[in-house]
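**Student:** Dumping the structure here so I can ask a few things about it.
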Amino acid sequence: METVQPRAVIVGIQLQHDTNFAYSMEELRNLADACDIEVAAELSQKSSRVNPSHYLGTGKIQELALLMEQHEATVAIFNDELSPSQIRNLEAALDREVIDRTILILNIFAQRAKTKEAQLQVEVAQLQYMLPRLSGLRDSLGRQGGGSGLKNRGAGETKLELDRRRIEERISALQLELQVQVSRRQIQRKQRHKNEVPVVCLVGYTNTGKSSLMNTLVETYHPGSGKGVLAKDMLFATLETSVRSIELPGRKTFLLTDTVGFVSQLPHHLVKAFRSTLEEVTEADLLIHVVDIADPQHEQHMAVTRETLKALGADNIPTVYACNKADLTGQPYPQVEENSVTLSALQNRGIKELVTLIRSRIFTDYIQCEILVPFDQGSLVSYFNEHADVQAVSYEEQGTRLKLECRAADYERFKDDFIELPQ
């Protein structure tokens, strides 16, 4: 049977001094679209404060009820996180399903989550959101379970049967299960630190092209490896952290990490649940802040990303900017500035310039030298051939002469085993 797409009216309050209201409402439309809900109409109200009991004033609630009836809308989507009493009162007044921005984002995450860890994280976030709202959400959850198009997978159908105590028990069980995943990730991170491989992390607003950039970098330096990640033109296509090793010419390697995209008013339940995943960002040596410069709102997106990084404690990590999708702007590219590259991941233009910028930021501990390795230290020659950029080799009476670029740490570690020669 063909599923009927639910129709909705989106609702928001523009508070005084709120200059981003029009943009946030447009984003709410996009979020609804990502959740397969058709936005039939929009209602807004200018106010100095949000009504604590009903979010909207009495007159606006009547206007909303007429608007929903006129457009045959079954859902009202509010642009802020609603309190349990607000949801209960609005549903009673409208006799329609009421959801807020938070549950919309939670549902998108539930639909997109593919790995075990992401599914666990989303379910924890959903349950933590639902816990104080059990009474207010009881009716709307019943309608969701009835096929309104909001796929609360994993945490949906059982919510009506679960009482508060059982939900708390479920959260505890999920968090224990998540801890196993977190421990595994921490072991992997420790191993990377042990190997002294720099970590570069892609961050940015959702749908700016982070995964496309990762795929282009992988294909450029490892053609035909088949190690690309999912890249789609949609909100929150990436919920799982993906790590790929990028080996550059000159025996220089770094790990490239793709992360979940950010969005304004990202629910704190999600930030908390995904903290273990987002810890990849906090331990990076360099961040690549990917910006969709073809989007008129990219300045606001950059501000949201910076705020989220600050909340994670990652605002002090060195950052370079990849100004992506330049092919959609009509401006000449690639262009390189001190801390940014204007490029197109899709067209594979500006990638080498970006890598040059990355190299200059993360491979700062390398030195050029010329050394003589005694023949009885043959293993050292093998080590440098594997871990350094050996540019010239010659054989002399006393041993093997190497001209190379290597890590300063390796030079210090082995300096007693070779003779340094003047260059």
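Identifiers for the structure tokens are assigned positionally: chains receive A, B, ... in sequence, residues are indexed from 1 per chain, and ligands are indexed from 1 in the order shown.
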Identify, on the basis of only C-alpha atoms, every residue whose closest approach to A:Gln391 does not exceed 9 Å; exclude the query and any residue fewer than 4 positions from it along the same chain; express the result as a ChimeraX atom specification.

**Tutor:** /A:250,402-405

**Student:** Take the residues from that selection and put them in a file with N, CA, C and O atoms, as a compact mmCIF listing (two decimals), in the first residue's frame.

**Tutor:**
# COMPACT_ATOMS: atom_id res chain seq x y z
N GLY A 250 56.13 11.02 -0.16
CA GLY A 250 57.13 11.39 0.85
C GLY A 250 56.93 10.68 2.16
O GLY A 250 57.38 11.15 3.21
N LEU A 402 72.61 8.50 3.45
CA LEU A 402 71.20 8.80 3.16
C LEU A 402 70.94 10.30 3.24
O LEU A 402 71.35 10.96 4.21
N LYS A 403 70.28 10.80 2.23
CA LYS A 403 69.74 12.17 2.29
C LYS A 403 68.23 12.01 2.46
O LYS A 403 67.58 11.37 1.64
N LEU A 404 67.69 12.57 3.55
CA LEU A 404 66.29 12.26 3.85
C LEU A 404 65.60 13.37 4.62
O LEU A 404 66.24 14.28 5.16
N GLU A 405 64.27 13.24 4.65
CA GLU A 405 63.43 14.06 5.53
C GLU A 405 62.75 13.10 6.49
O GLU A 405 62.10 12.14 6.06

**Student:** Write out as a VMD selection string all residues of stretch 206-397 of chain A that backbone DSSP assigns to alpha helix (DSSP H).

**Tutor:** chain A and resid 210 to 221 268 to 273 275 to 282 298 to 312 351 to 362 378 to 387

**Student:** May I ask which of the residues A:Ile167, A:Leu90, A:Leu104, A:Ile367 is the closest one to A:Pro132, counting only C-alpha atoms?

**Tutor:**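 Among the listed residues, the smallest separation from A:Pro132 belongs to A:Ile167.
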
**Student:** Can you tell me how far atom CA of A:Leu357 sits from atom CA of A:Cys406, in Å to one decimal?

**Tutor:**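 The value is 19.1 Å.
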
**Student:** I'd like the neighbourhood of A:Pro52 as a ChimeraX atom specification, where a residue qualifies if any of its atoms comes within 9 Å (using only C-alpha atoms), though same-chain residues fewer than 3 positions away should be ignored.

**Tutor:** /A:49,55-56,83,85-86

**Student:** Write the residues you've just listed into a file as a PDB file, in the first residue's frame, and include N, CA and C atoms for each of them.

**Tutor:**
ATOM      1  N   ARG A  49       8.009  37.195  24.542  1.00  0.00           N
ATOM      2  CA  ARG A  49       8.318  35.954  25.264  1.00  0.00           C
ATOM      3  C   ARG A  49       7.411  34.837  24.776  1.00  0.00           C
ATOM      4  N   TYR A  55       2.737  27.981  24.512  1.00  0.00           N
ATOM      5  CA  TYR A  55       3.728  28.450  23.532  1.00  0.00           C
ATOM      6  C   TYR A  55       3.194  29.666  22.771  1.00  0.00           C
ATOM      7  N   LEU A  56       1.989  29.559  22.185  1.00  0.00           N
ATOM      8  CA  LEU A  56       1.361  30.660  21.454  1.00  0.00           C
ATOM      9  C   LEU A  56       0.282  31.321  22.307  1.00  0.00           C
ATOM     10  N   SER A  83       7.793  22.147  26.202  1.00  0.00           N
ATOM     11  CA  SER A  83       7.752  21.475  27.508  1.00  0.00           C
ATOM     12  C   SER A  83       6.639  20.429  27.478  1.00  0.00           C
ATOM     13  N   SER A  85       4.055  20.136  29.362  1.00  0.00           N
ATOM     14  CA  SER A  85       2.720  20.746  29.523  1.00  0.00           C
ATOM     15  C   SER A  85       2.296  21.478  28.250  1.00  0.00           C
ATOM     16  N   GLN A  86       3.235  22.099  27.557  1.00  0.00           N
ATOM     17  CA  GLN A  86       2.907  22.786  26.296  1.00  0.00           C
ATOM     18  C   GLN A  86       2.387  21.792  25.264  1.00  0.00           C
TER      19      GLN A  86
END

**Student:** Here is a test: counting only C-alpha atoms, which residue of A:His71, A:Lys310, A:His54, A:His17 is nearest to A:Glu42?

**Tutor:** A:His71

**Student:** If I take atom CA of A:Ser172 and atom CA of A:Asn107, how far is one from the other in Å, to one decimal?

**Tutor:**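 Between atom CA of A:Ser172 and atom CA of A:Asn107 the gap works out to 21.1 Å.
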
**Student:** Using only C-alpha atoms, find the one residue out of A:Phe418, A:Tyr366, A:Val291, A:Thr74 that sits nearest to A:Gly378.

**Tutor:** A:Phe418

**Student:** My list of candidates is A:Ile13, A:Gln119, A:Thr102, A:Asp80. Which is closest to A:Gly57 when distances are computed with only C-alpha atoms?

**Tutor:**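 Using only C-alpha atoms, A:Gly57 sits closest to A:Ile13.
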
**Student:** Near A:Gly399, within 7 Å and counting only C-alpha atoms, which residues show up once chain neighbours fewer than 5 positions away are dropped, as a PyMOL selection string?

**Tutor:** chain A and resi 372-375

**Student:** Between A:Leu43, A:Val122, A:Val260, A:Ile288, which is the closest to A:Leu178 once you count only C-alpha atoms?

**Tutor:**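 Using only C-alpha atoms, the shortest distance to A:Leu178 belongs to A:Val122.
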
**Student:** As an exercise, work out the distance from atom CA of A:Leu127 to atom CA of A:Ile171 in Å and give it to one decimal place.

**Tutor:**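 Distance between the two atoms: 7.0 Å.
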
**Student:** Between A:Gly204, A:Pro267, A:Gly261, A:Gly350, which residue has the minimum interatomic distance to A:His298, considering only C-alpha atoms?

**Tutor:** A:Gly204

**Student:** Which of stretch 183-366 of chain A counts as strand (DSSP E) under DSSP, as a PyMOL selection string please?

**Tutor:** chain A and resi 199-204+242-248+252-258+286-292+319-324+335-336+340-342+366

**Student:** Sort by chain and increasing residue number a table of all residues of stretch 326-407 of chain A within 9 Å of stretch 206-230 of chain A, each with its closest pair of atoms and their distance in Å to one decimal, counting only C-alpha atoms, and write it as a tab-separated table.

**Tutor:**
residue	atom	partner	partner_atom	distance
A:Ser344	CA	A:Leu213	CA	8.3
A:Ala345	CA	A:Leu213	CA	5.0
A:Leu346	CA	A:Ser212	CA	6.8
A:Gln347	CA	A:Thr216	CA	9.0
A:Asn348	CA	A:Thr216	CA	6.6
A:Ile351	CA	A:Leu217	CA	7.2
A:Lys352	CA	A:Leu217	CA	9.0
A:Val355	CA	A:Leu217	CA	8.7

**Student:** Please list as a list in words every residue within 10 Å of A:Pro249, counting only C-alpha atoms and excluding residues in the same chain fewer than 3 positions away.

**Tutor:**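 These residues fall inside the cut-off: Tyr221, Ile246, Lys252, Thr253 and Asp389 of chain A.
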